[in-house]
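Undergrad: My structure is in coords.txt, and what it holds is compact mmCIF, C-alpha atoms and all ligand atoms:
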```
# COMPACT_ATOMS: atom_id res chain seq x y z
CA MET F 1 110.52 134.34 79.21
CA ALA F 2 113.13 132.38 81.17
CA ASN F 3 112.20 134.35 84.25
CA LYS F 4 108.53 133.48 83.96
CA SER F 5 109.31 129.83 83.58
CA ILE F 6 111.05 129.91 86.96
CA ILE F 7 108.23 131.75 88.64
CA LEU F 8 105.14 129.88 87.51
CA LEU F 9 105.97 126.43 88.81
CA PRO F 10 106.67 127.41 92.43
CA MET F 11 103.43 129.37 92.29
CA LEU F 12 101.53 126.21 91.55
CA LEU F 13 103.40 123.93 93.90
CA LEU F 14 101.76 122.96 97.16
CA VAL F 15 99.80 126.11 97.87
CA SER F 16 99.37 128.87 95.43
CA ALA F 17 98.85 131.36 98.24
CA VAL F 18 102.24 130.56 99.71
CA ALA F 19 104.05 131.00 96.48
CA MET F 20 102.12 134.14 95.68
CA CYS F 21 103.33 135.66 98.92
CA LEU F 22 106.86 134.69 98.03
CA SER F 23 106.77 136.11 94.57
CA GLU F 24 104.33 138.95 94.93
CA GLY F 25 104.80 141.37 92.11
CA ALA F 26 107.18 139.01 90.37
CA ILE F 27 104.94 138.69 87.35
CA VAL F 28 104.84 142.06 85.69
CA SER F 29 101.69 142.76 83.76
CA GLU F 30 103.32 143.26 80.40
CA SER F 31 100.60 141.64 78.33
CA SER F 32 97.05 140.43 78.56
CA SER F 33 98.26 136.84 79.08
CA ASP F 34 100.38 137.85 82.11
CA GLU F 35 97.43 139.68 83.56
CA GLY F 36 95.14 136.71 82.92
CA ILE F 37 97.63 134.28 84.43
CA GLN F 38 97.91 136.47 87.52
CA ARG F 39 94.12 136.60 87.90
CA ALA F 40 93.79 132.84 87.38
CA LEU F 41 96.47 132.22 90.00
CA SER F 42 94.65 134.48 92.47
CA SER F 43 91.45 132.48 91.93
CA LEU F 44 93.36 129.24 92.39
CA ALA F 45 94.95 130.49 95.60
CA ALA F 46 91.54 131.45 96.94
CA GLY F 47 90.19 127.96 96.20
CA ARG F 48 87.93 129.23 93.36
CA HIS F 49 89.02 126.43 91.06
CA GLU F 50 86.18 126.67 88.50
CA GLU F 51 86.89 130.38 88.07
CA ALA F 52 90.65 129.71 87.76
CA GLU F 53 89.98 127.08 85.12
CA ARG F 54 87.70 129.43 83.17
CA ILE F 55 90.12 132.37 83.17
CA ALA F 56 93.18 130.24 82.41
CA SER F 57 91.40 128.38 79.59
CA ARG F 58 90.63 131.73 77.93
CA VAL F 59 94.27 132.81 78.27
CA ALA F 60 95.59 129.47 76.98
CA ALA F 61 93.38 129.70 73.90
CA GLY F 62 94.87 133.14 73.07
CA GLU F 63 97.69 133.96 70.74
CA SER F 64 99.88 136.14 72.94
CA GLU F 65 103.40 135.14 73.85
CA GLY F 66 103.56 132.85 76.86
CA ALA F 67 99.81 132.18 76.80
CA TRP F 68 100.46 128.42 76.58
CA ARG F 69 101.76 128.51 80.18
CA ALA F 70 98.17 129.00 81.36
CA TRP F 71 97.62 125.31 80.53
CA LEU F 72 99.42 124.50 83.79
CA ILE F 73 96.84 126.50 85.73
CA VAL F 74 93.98 124.89 83.80
CA ALA F 75 95.45 121.48 84.62
CA THR F 76 96.00 122.29 88.30
CA ALA F 77 92.48 123.65 88.73
CA ARG F 78 90.96 120.57 87.08
CA HIS F 79 93.20 118.30 89.15
CA ARG F 80 92.01 119.95 92.36
CA LEU F 81 88.42 119.58 91.18
CA GLU F 82 89.20 115.87 90.74
CA LYS F 83 88.48 116.03 86.98
CA TYR F 84 91.41 113.71 86.35
CA PRO F 85 91.16 112.84 82.61
CA GLN F 86 90.57 116.51 81.72
CA ALA F 87 93.44 117.57 83.99
CA ALA F 88 95.75 115.06 82.29
CA GLU F 89 94.80 116.53 78.88
CA ALA F 90 95.70 120.05 80.04
CA TYR F 91 98.99 118.84 81.55
CA LYS F 92 99.83 117.24 78.19
CA GLN F 93 99.09 120.53 76.37
CA PHE F 94 101.54 122.25 78.69
CA LEU F 95 104.12 119.49 78.30
CA SER F 96 104.03 119.73 74.52
CA LEU F 97 105.47 123.27 74.69
CA CYS F 98 107.49 123.20 77.88
CA GLN F 99 111.29 122.95 77.67
CA SER F 100 112.24 123.28 81.34
CA PRO F 101 113.48 119.91 82.72
CA SER F 102 112.20 120.56 86.27
CA GLU F 103 108.75 121.60 85.04
CA ARG F 104 108.59 118.62 82.70
CA THR F 105 109.40 116.27 85.61
CA TYR F 106 106.76 117.90 87.79
CA VAL F 107 104.09 117.75 85.07
CA LYS F 108 104.86 114.10 84.23
CA GLU F 109 104.43 113.22 87.92
CA GLN F 110 101.06 114.99 87.92
CA ILE F 111 99.93 113.10 84.81
CA ASN F 112 100.89 109.88 86.56
CA ARG F 113 98.88 110.93 89.61
CA CYS F 114 95.82 111.59 87.43
CA ARG F 115 96.23 108.12 85.96
CA LEU F 116 96.54 106.53 89.41
CA ALA F 117 93.47 108.41 90.66
CA THR F 118 91.33 106.78 87.98
CA ASP F 119 92.99 103.38 88.28
CA LYS F 120 90.68 101.25 90.39
CA SER F 121 93.40 98.69 91.14
CA ALA F 122 95.49 101.40 92.90
CA ARG F 123 92.71 102.30 95.34
CA PRO F 124 92.58 100.79 98.82
CA VAL F 125 90.04 98.02 99.16
CA VAL F 126 87.57 98.15 102.05
CA VAL F 127 87.71 94.42 102.75
CA SER F 128 84.91 94.33 105.28
CA GLU F 129 82.49 95.50 102.55
CA LEU F 130 83.33 92.38 100.56
CA LEU F 131 82.57 89.98 103.42
CA SER F 132 79.28 88.07 103.34
CA ALA F 133 77.13 87.67 106.47
CA LYS F 134 78.27 84.06 106.61
CA GLN F 135 81.93 85.03 106.50
CA ARG F 136 81.42 87.65 109.22
CA ALA F 137 79.73 85.06 111.42
CA LYS F 138 82.68 82.72 110.90
CA LEU F 139 85.11 85.49 111.81
CA SER F 140 83.17 86.06 115.05
CA THR F 141 83.98 82.60 116.45
CA VAL F 142 86.77 82.09 118.98
CA ASP F 143 88.55 78.74 118.99
CA ASN F 144 90.44 77.37 122.00
CA ARG F 145 93.45 76.78 119.77
CA LYS F 146 95.74 79.51 118.56
CA PHE F 147 96.46 79.61 114.79
CA THR F 148 99.56 81.10 113.21
CA GLU F 149 99.91 82.40 109.64
CA SER F 150 103.09 83.87 108.16
CA SER F 151 104.00 85.98 105.16
CA GLU F 152 107.02 87.98 103.98
CA HIS F 153 106.64 90.66 106.69
CA PHE F 154 104.15 89.26 109.22
CA VAL F 155 103.50 86.48 111.68
CA VAL F 156 99.84 86.58 112.74
CA ARG F 157 98.46 84.72 115.78
CA SER F 158 94.72 84.43 116.31
CA HIS F 159 92.11 82.15 117.87
CA ASN F 160 90.34 82.03 114.48
CA SER F 161 92.11 80.36 111.57
CA GLU F 162 90.15 82.26 108.88
CA LEU F 163 90.93 85.55 110.55
CA ALA F 164 94.66 84.78 110.77
CA LYS F 165 94.67 84.09 107.00
CA LEU F 166 92.67 87.24 106.23
CA ILE F 167 94.86 89.46 108.39
CA VAL F 168 98.16 88.21 107.04
CA LYS F 169 96.92 89.00 103.51
CA GLN F 170 95.50 92.41 104.39
CA ALA F 171 98.58 93.33 106.42
CA GLU F 172 100.80 92.86 103.33
CA ILE F 173 98.41 94.97 101.22
CA ALA F 174 98.31 97.73 103.86
CA LEU F 175 102.10 97.73 104.28
CA ARG F 176 102.61 98.03 100.53
CA ARG F 177 100.26 100.98 100.34
CA ILE F 178 101.82 102.70 103.38
CA CYS F 179 105.36 102.33 102.04
CA ARG F 180 104.72 103.03 98.35
CA VAL F 181 101.83 105.45 98.24
CA ILE F 182 101.60 107.21 101.58
CA LEU F 183 105.29 107.44 102.50
CA ALA F 184 106.25 107.67 98.82
CA GLY F 185 108.90 104.94 98.66
CA GLN F 186 109.79 103.65 102.12
CA ASP F 187 111.62 100.32 102.48
CA TYR F 188 110.49 97.89 105.15
CA PRO F 189 112.71 94.81 105.25
CA HIS F 190 111.43 93.70 108.68
CA SER F 191 109.16 91.17 110.34
CA VAL F 192 106.23 92.14 112.58
CA ASN F 193 104.33 89.98 115.07
CA ILE F 194 100.58 90.56 115.02
CA TYR F 195 98.55 89.28 117.97
CA VAL F 196 94.76 89.21 117.66
CA TRP F 197 93.09 89.01 121.09
CA SER F 198 89.53 87.77 121.22
CA ASN F 199 88.00 90.68 123.15
CA ALA F 200 88.79 93.98 124.88
CA ALA F 201 89.56 92.32 128.24
CA GLN F 202 92.05 89.89 126.64
CA TYR F 203 93.58 92.71 124.63
CA ARG F 204 94.12 94.87 127.72
CA LYS F 205 95.57 91.88 129.58
CA HIS F 206 98.10 90.85 126.91
CA ALA F 207 98.87 93.76 124.62
CA VAL F 208 102.22 95.46 125.12
CA SER F 209 100.89 98.94 124.54
CA ALA F 210 97.14 99.13 125.11
CA PRO F 211 95.64 102.49 125.99
CA GLU F 212 92.35 101.99 127.86
CA TRP F 213 90.22 103.40 125.01
CA SER F 214 91.96 101.73 122.09
CA GLY F 215 91.24 98.49 120.27
CA GLY F 216 94.73 98.24 118.87
CA GLY F 217 98.29 99.33 119.49
CA PHE F 218 101.84 98.94 118.24
CA SER F 219 105.23 98.68 119.90
CA LEU F 220 108.83 98.90 118.76
CA ARG F 221 111.30 97.75 121.38
CA GLN F 222 114.82 96.44 121.61
CA ASP F 223 115.54 93.15 123.35
CA LYS F 224 118.60 92.60 125.52
CA ASN F 225 120.69 91.83 122.43
CA GLY F 226 119.73 95.12 120.82
CA GLN F 227 117.41 93.43 118.30
CA PHE F 228 114.25 95.35 117.43
CA ILE F 229 110.96 93.61 118.26
CA ARG F 230 108.05 94.92 116.20
CA ARG F 231 104.56 94.15 117.33
CA ILE F 232 100.91 95.03 116.66
CA ASP F 233 98.07 94.02 119.01
CA LEU F 234 94.45 93.89 117.79
CA THR F 235 91.01 92.94 119.10
CA GLN F 236 88.83 90.46 117.20
CA LEU F 237 85.36 91.16 118.63
CA GLY F 238 83.52 94.42 119.28
CA LYS F 239 81.32 95.22 122.27
CA ASP F 240 78.46 93.36 120.57
CA GLY F 241 80.49 90.15 120.56
CA LEU F 242 80.70 90.17 116.74
CA PHE F 243 83.74 90.48 114.49
CA ASP F 244 84.89 94.11 114.53
CA THR F 245 85.29 95.12 110.86
CA ASN F 246 86.77 98.42 112.00
CA MET F 247 89.82 96.52 113.17
CA LEU F 248 90.44 95.25 109.66
CA ASP F 249 89.72 98.49 107.76
CA ARG F 250 91.08 101.08 110.17
CA VAL F 251 92.93 99.86 113.26
CA LEU F 252 95.31 97.45 111.48
CA PRO F 253 96.59 99.91 108.81
CA HIS F 254 96.54 102.82 111.28
CA GLU F 255 98.76 101.09 113.86
CA MET F 256 100.98 99.66 111.13
CA CYS F 257 101.61 103.16 109.77
CA HIS F 258 102.60 104.35 113.28
CA LEU F 259 105.01 101.41 113.55
CA VAL F 260 106.65 102.16 110.19
CA LEU F 261 106.91 105.87 111.10
CA ALA F 262 108.36 105.10 114.55
CA GLU F 263 111.21 103.23 112.90
CA PHE F 264 111.70 105.84 110.17
CA PHE F 265 111.83 108.87 112.48
CA GLY F 266 113.66 107.19 115.37
CA ASP F 267 114.36 109.88 117.96
CA ALA F 268 113.59 112.77 115.61
CA PRO F 269 110.53 114.78 116.67
CA CYS F 270 107.77 114.24 114.12
CA PRO F 271 104.76 116.53 114.75
CA LEU F 272 101.98 114.46 116.32
CA ALA F 273 99.51 115.98 113.82
CA LEU F 274 101.54 114.62 110.88
CA ASN F 275 102.06 111.23 112.54
CA GLU F 276 98.34 110.80 113.27
CA GLY F 277 97.37 112.33 109.92
CA LEU F 278 99.44 109.77 108.01
CA ALA F 279 98.08 106.91 110.13
CA MET F 280 94.51 108.04 109.31
CA MET F 281 95.42 108.27 105.62
CA ALA F 282 96.59 104.65 105.79
CA GLU F 283 93.06 103.53 106.75
CA ALA F 284 91.12 101.81 104.00
CA SER F 285 88.66 104.65 103.36
CA VAL F 286 88.29 108.36 104.07
CA ASP F 287 86.10 109.01 107.08
CA ASN F 288 83.97 111.92 105.85
CA SER F 289 82.92 112.80 109.39
CA ARG F 290 86.53 113.91 109.98
CA VAL F 291 86.44 116.15 106.90
CA LEU F 292 83.14 117.66 108.05
CA LEU F 293 84.38 118.18 111.61
CA ALA F 294 87.58 119.86 110.39
CA GLY F 295 85.50 122.34 108.36
CA THR F 296 83.08 123.00 111.21
CA ALA F 297 85.95 123.51 113.66
CA LEU F 298 87.75 125.97 111.36
CA LEU F 299 84.56 128.03 111.11
CA GLY F 300 83.82 128.02 114.83
CA ASP F 301 85.41 128.55 118.23
CA LYS F 302 86.72 124.96 118.49
CA LYS F 303 89.36 125.69 115.84
CA ILE F 304 92.94 124.65 116.61
CA PRO F 305 95.13 127.15 114.70
CA LEU F 306 97.81 125.62 112.47
CA ARG F 307 100.76 126.72 114.61
CA LYS F 308 99.17 125.16 117.70
CA LEU F 309 98.23 122.03 115.76
CA LEU F 310 101.85 121.52 114.71
CA MET F 311 103.19 122.13 118.22
CA ALA F 312 100.80 119.70 119.96
CA GLU F 313 102.55 116.78 121.62
CA ARG F 314 99.36 115.24 122.95
CA CYS F 315 95.65 116.00 122.81
CA ASN F 316 93.13 115.95 125.64
CA ALA F 317 89.67 114.46 125.72
CA GLU F 318 87.97 117.82 125.01
CA ASN F 319 89.79 118.61 121.78
CA ALA F 320 90.76 115.10 120.62
CA ALA F 321 88.11 114.84 117.90
CA VAL F 322 88.97 118.24 116.41
CA PHE F 323 92.70 117.52 116.71
CA TYR F 324 92.34 114.28 114.76
CA ALA F 325 90.02 115.84 112.18
CA GLU F 326 92.31 118.80 111.52
CA SER F 327 95.42 116.56 111.53
CA PHE F 328 93.87 114.33 108.87
CA SER F 329 92.73 117.28 106.79
CA LEU F 330 96.16 119.00 106.91
CA THR F 331 98.18 115.86 106.14
CA ALA F 332 95.90 114.83 103.28
CA TYR F 333 96.16 118.38 101.93
CA LEU F 334 99.97 118.34 101.96
CA HIS F 335 100.05 114.84 100.47
CA LYS F 336 97.80 115.88 97.63
CA ARG F 337 99.55 119.15 96.86
CA MET F 338 103.12 117.86 96.90
CA THR F 339 104.57 115.37 94.45
CA PRO F 340 105.64 112.00 95.92
CA GLY F 341 109.29 113.10 95.60
CA GLN F 342 108.66 116.37 97.44
CA PHE F 343 106.64 114.63 100.16
CA ARG F 344 109.44 112.13 100.68
CA GLU F 345 111.97 114.93 100.88
CA MET F 346 109.83 116.75 103.46
CA LEU F 347 109.78 113.61 105.65
CA THR F 348 113.55 113.29 105.32
CA HIS F 349 114.06 116.92 106.39
CA ILE F 350 111.81 116.36 109.44
CA LYS F 351 113.93 113.34 110.30
CA THR F 352 117.00 115.55 110.41
CA GLY F 353 115.26 117.87 112.88
CA CYS F 354 113.63 120.51 110.65
CA PRO F 355 110.31 121.95 111.82
CA LEU F 356 107.48 121.05 109.42
CA GLU F 357 107.19 124.47 107.78
CA GLU F 358 110.91 124.59 107.07
CA ALA F 359 110.89 120.98 105.83
CA ILE F 360 108.14 121.84 103.31
CA GLN F 361 109.96 124.92 102.04
CA ARG F 362 113.18 122.94 101.65
CA ALA F 363 111.36 120.15 99.83
CA LEU F 364 109.85 122.71 97.45
CA TYR F 365 113.16 124.52 96.96
CA VAL F 366 111.57 127.86 97.80
CA PRO F 367 113.37 130.46 99.95
CA ILE F 368 112.75 130.08 103.68
CA ASP F 369 110.21 132.75 104.56
CA GLU F 370 108.70 133.47 107.95
CA THR F 371 105.27 134.22 106.51
CA PHE F 372 105.10 130.73 105.00
CA LEU F 373 103.09 129.16 107.84
CA LYS F 374 100.49 131.93 107.65
CA CYS F 375 100.10 131.44 103.90
CA LEU F 376 99.97 127.65 104.29
CA SER F 377 97.28 128.06 106.91
CA THR F 378 95.19 130.28 104.61
CA ALA F 379 95.46 127.88 101.69
CA TRP F 380 94.80 124.74 103.77
CA GLU F 381 91.76 126.31 105.46
CA ALA F 382 90.35 127.43 102.10
CA GLU F 383 90.64 123.89 100.74
CA THR F 384 89.16 122.33 103.89
CA LEU F 385 86.18 124.65 103.69
CA ARG F 386 85.74 123.84 100.01
CA GLN F 387 85.54 120.11 100.88
CA TRP F 388 83.24 120.85 103.81
CA GLN F 389 80.86 122.77 101.51
CA PHE F 390 81.00 119.97 98.95
CA LEU F 391 80.10 117.28 101.51
CA ASN F 392 77.34 119.45 102.98
CA ALA F 393 75.91 119.97 99.51
CA LEU F 394 75.76 116.20 99.04
CA ASP F 395 73.72 115.79 102.21
ZN ZN G 401 97.07 106.95 115.97
```
Render the structure in this file as structure tokens.

TA:
Amino acid sequence: MANKSIILLPMLLLVSAVAMCLSEGAIVSESSSDEGIQRALSSLAAGRHEEAERIASRVAAGESEGAWRAWLIVATARHRLEKYPQAAEAYKQFLSLCQSPSERTYVKEQINRCRLATDKSARPVVVSELLSAKQRAKLSTVDNRKFTESSEHFVVRSHNSELAKLIVKQAEIALRRICRVILAGQDYPHSVNIYVWSNAAQYRKHAVSAPEWSGGGFSLRQDKNGQFIRRIDLTQLGKDGLFDTNMLDRVLPHEMCHLVLAEFFGDAPCPLALNEGLAMMAEASVDNSRVLLAGTALLGDKKIPLRKLLMAERCNAENAAVFYAESFSLTAYLHKRMTPGQFREMLTHIKTGCPLEEAIQRALYVPIDETFLKCLSTAWEAETLRQWQFLNALD
């Protein structure tokens, strides 16, 4: 009994396939409930969540010893199917019989996640969707004067007073979400200068770091006294001469996330895929075209295999779209599968120089195994294809 309680949780953490590889044969089929649990776990690992839920529910309803543990599989399957209230119910069933402190902590975190997922106030707000046509028109004007607005962490300069006010407010909201939700508890006791340039030409002329194709950039530099200067440059108007809502919803939080990560990792090598993936997660809404492209790429000859994705230090014009799509998909997958505490620990291990696969295994307290990356790849691809099918079915 004690043995099983050690085995089941790692099996459900992060990727069932990974853990199954690690503990293959560990669950001996002594009873019908063990056999059922094993089958439900196999379904879960293969991304067949409805099937896993069905099998595990049958086991959990049974009388045999240890059958109650199947509630954790029921809960996990429902959680992955985004049936949050039902998942929370199953987690509570498990919790009512579970004595293991580590499992209880894990399950309580999952219940909290289910609650957050249904809590509208915890979701990012797509501000541009709330703007009226009149407000957008106002935000498209460029004054000769420069306006400055300040808040706890930001000093915003713009040639539009309304825009300066809007950005200083949204910047605080985005920073809070990046530090609390995405990076799972990062401090940021710093001040950042945000410069909003009226158009692309002005942006390229003045921004400190302005790649030709970008509408925004960040920089973290030290002045001659060794003080860090933190800066974000943005562009107010799009090619059509109107206020670029993309800047507010995507570019601002994206570049801010890069800035926070640059300071957190310092000189430690963070995989580009994780860095870009987190920055895309910071954006105000999920771009479904990325999810679709990741699925299409994994099915076709444009696929970037996981090992190559993690080793990439830059991407070229030909594979940039697939690189970004897969990076987003992988990072969102890890973020969803790990608890906030585990995710935070993974980032800390990367900071000390661990490769990503080792950092994940350390964060999960599972033995370091060389087949881990292969198993992670299988599980991530299965989940990406499940989302791809789901979005295609909606079309
Ligand atoms: Zn980026």

Undergrad: Would you list the contacts of stretch 280-291 of chain F as a PyMOL selection string, taking every protein, DNA or RNA residue within 9 Å and counting all atoms listed in the file, but skipping same-chain residues closer than 6 positions in sequence?

TA: chain F and resi 123-127+174-175+177-178+182+248-254+256-257+321-322+324-329+331-332+384+387-388+391

Undergrad: Report as a tab-separated table (two decimals) with C-alpha atoms, keeping the file's coordinate frame which protein, DNA and RNA residues come within 10 Å of ligand ZN 401 (chain G), using only C-alpha atoms and all ligand atoms.

TA:
```tsv
chain	number	residue	atom	x	y	z
F	214	SER	CA	91.96	101.73	122.09
F	216	GLY	CA	94.73	98.24	118.87
F	217	GLY	CA	98.29	99.33	119.49
F	218	PHE	CA	101.84	98.94	118.24
F	251	VAL	CA	92.93	99.86	113.26
F	254	HIS	CA	96.54	102.82	111.28
F	255	GLU	CA	98.76	101.09	113.86
F	256	MET	CA	100.98	99.66	111.13
F	257	CYS	CA	101.61	103.16	109.77
F	258	HIS	CA	102.60	104.35	113.28
F	259	LEU	CA	105.01	101.41	113.55
F	272	LEU	CA	101.98	114.46	116.32
F	273	ALA	CA	99.51	115.98	113.82
F	275	ASN	CA	102.06	111.23	112.54
F	276	GLU	CA	98.34	110.80	113.27
F	277	GLY	CA	97.37	112.33	109.92
F	278	LEU	CA	99.44	109.77	108.01
F	279	ALA	CA	98.08	106.91	110.13
F	280	MET	CA	94.51	108.04	109.31
F	324	TYR	CA	92.34	114.28	114.76
```

Undergrad: Near F:Thr352, counting only C-alpha atoms, which residues have an atom at most 9 Å away, once you skip same-chain residues fewer than 3 positions from it, shown as a VMD selection string?

TA: chain F and resid 265 268 347 to 349

Undergrad: Have a look at F:Leu299, F:Trp71, F:Pro271, F:Ala45 and name the one nearest to F:Gln389; count only C-alpha atoms.

TA: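 Distance minimum relative to F:Gln389 lands on F:Leu299.
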
Undergrad: Pick out the closest residue to F:Ser191 from this set: F:Leu274, F:Ile229, F:Gly300, F:Ser100. Count all atoms listed in the file.

TA: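 Residue with the minimum atom-to-atom distance to F:Ser191: F:Ile229.
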
Undergrad: For atom CA of F:Tyr333 and atom CA of F:Glu53, determine how far apart the two atoms are, in Å to one decimal place.

TA: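 Result for atom CA of F:Tyr333 versus atom CA of F:Glu53: 19.9 Å, one decimal.
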
Undergrad: Using atom CA of F:Asn112 and atom CA of F:Lys83 as the two end points, give the distance in Å to one decimal.

TA: 13.9 Å

Undergrad: So which residues touch F:Glu109 within 12 Å, counting all atoms listed in the file, skipping near sequence neighbours fewer than 3 positions away, as a list in words?

TA: Ala88, Tyr91, Lys92, Leu95, Ser102, Glu103, Arg104, Thr105, Tyr106, Asn112, Arg113, Cys114, Arg115, Leu116, Arg337, Met338, Thr339, Pro340, Gly341 and Gln342 of chain F

Undergrad: If we count all atoms listed in the file and set the cut-off at 10 Å, which residues sit around F:Asp244, ignoring sequence neighbours fewer than 2 positions away in its own chain? Please answer as a PyMOL selection string.

TA: chain F and resi 128+136+139-140+199+215+235-242+246-249+251

Undergrad: Emit as JSON the padded axis-aligned box for all listed atoms of stretch 36-52 of chain F, 3 Å per side, with centre and edge lengths in Å to one decimal.

TA:
```
{"center_x": 92.0, "center_y": 131.6, "center_z": 89.9, "size_x": 17.7, "size_y": 16.3, "size_z": 20.0}
```

Undergrad: Go ahead and compute the interatomic distance for atom CA of F:Glu357 and atom CA of F:Ala320, in Å to one decimal.

TA: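 Distance reported for this atom pair: 22.9 Å.
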
Undergrad: From the options F:Cys354, F:Val196, F:Ile73, F:Ala46, which residue's atoms come nearest to F:Trp380, counting all atoms listed in the file?

TA: F:Ala46

Undergrad: Counting only C-alpha atoms, which residue out of F:Thr245, F:Ser33, F:Gln202, F:Asn193 sits closest to F:Arg58?

TA: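 Using only C-alpha atoms, F:Arg58 sits closest to F:Ser33.
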
Undergrad: Pick from F:His190, F:His79, F:His153, F:Arg204: nearest to F:Ile167, with all atoms listed in the file counted?

TA: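 Among F:His190, F:His79, F:His153, F:Arg204, it is F:His153 that comes nearest to F:Ile167.
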
Undergrad: I need the residue nearest F:Leu131 from this list: F:Leu309, F:Leu292, F:Cys98, F:Leu166. Use all atoms listed in the file for the distance.

TA: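 Of F:Leu309, F:Leu292, F:Cys98, F:Leu166, the one nearest F:Leu131 is F:Leu166, counting all atoms listed in the file.
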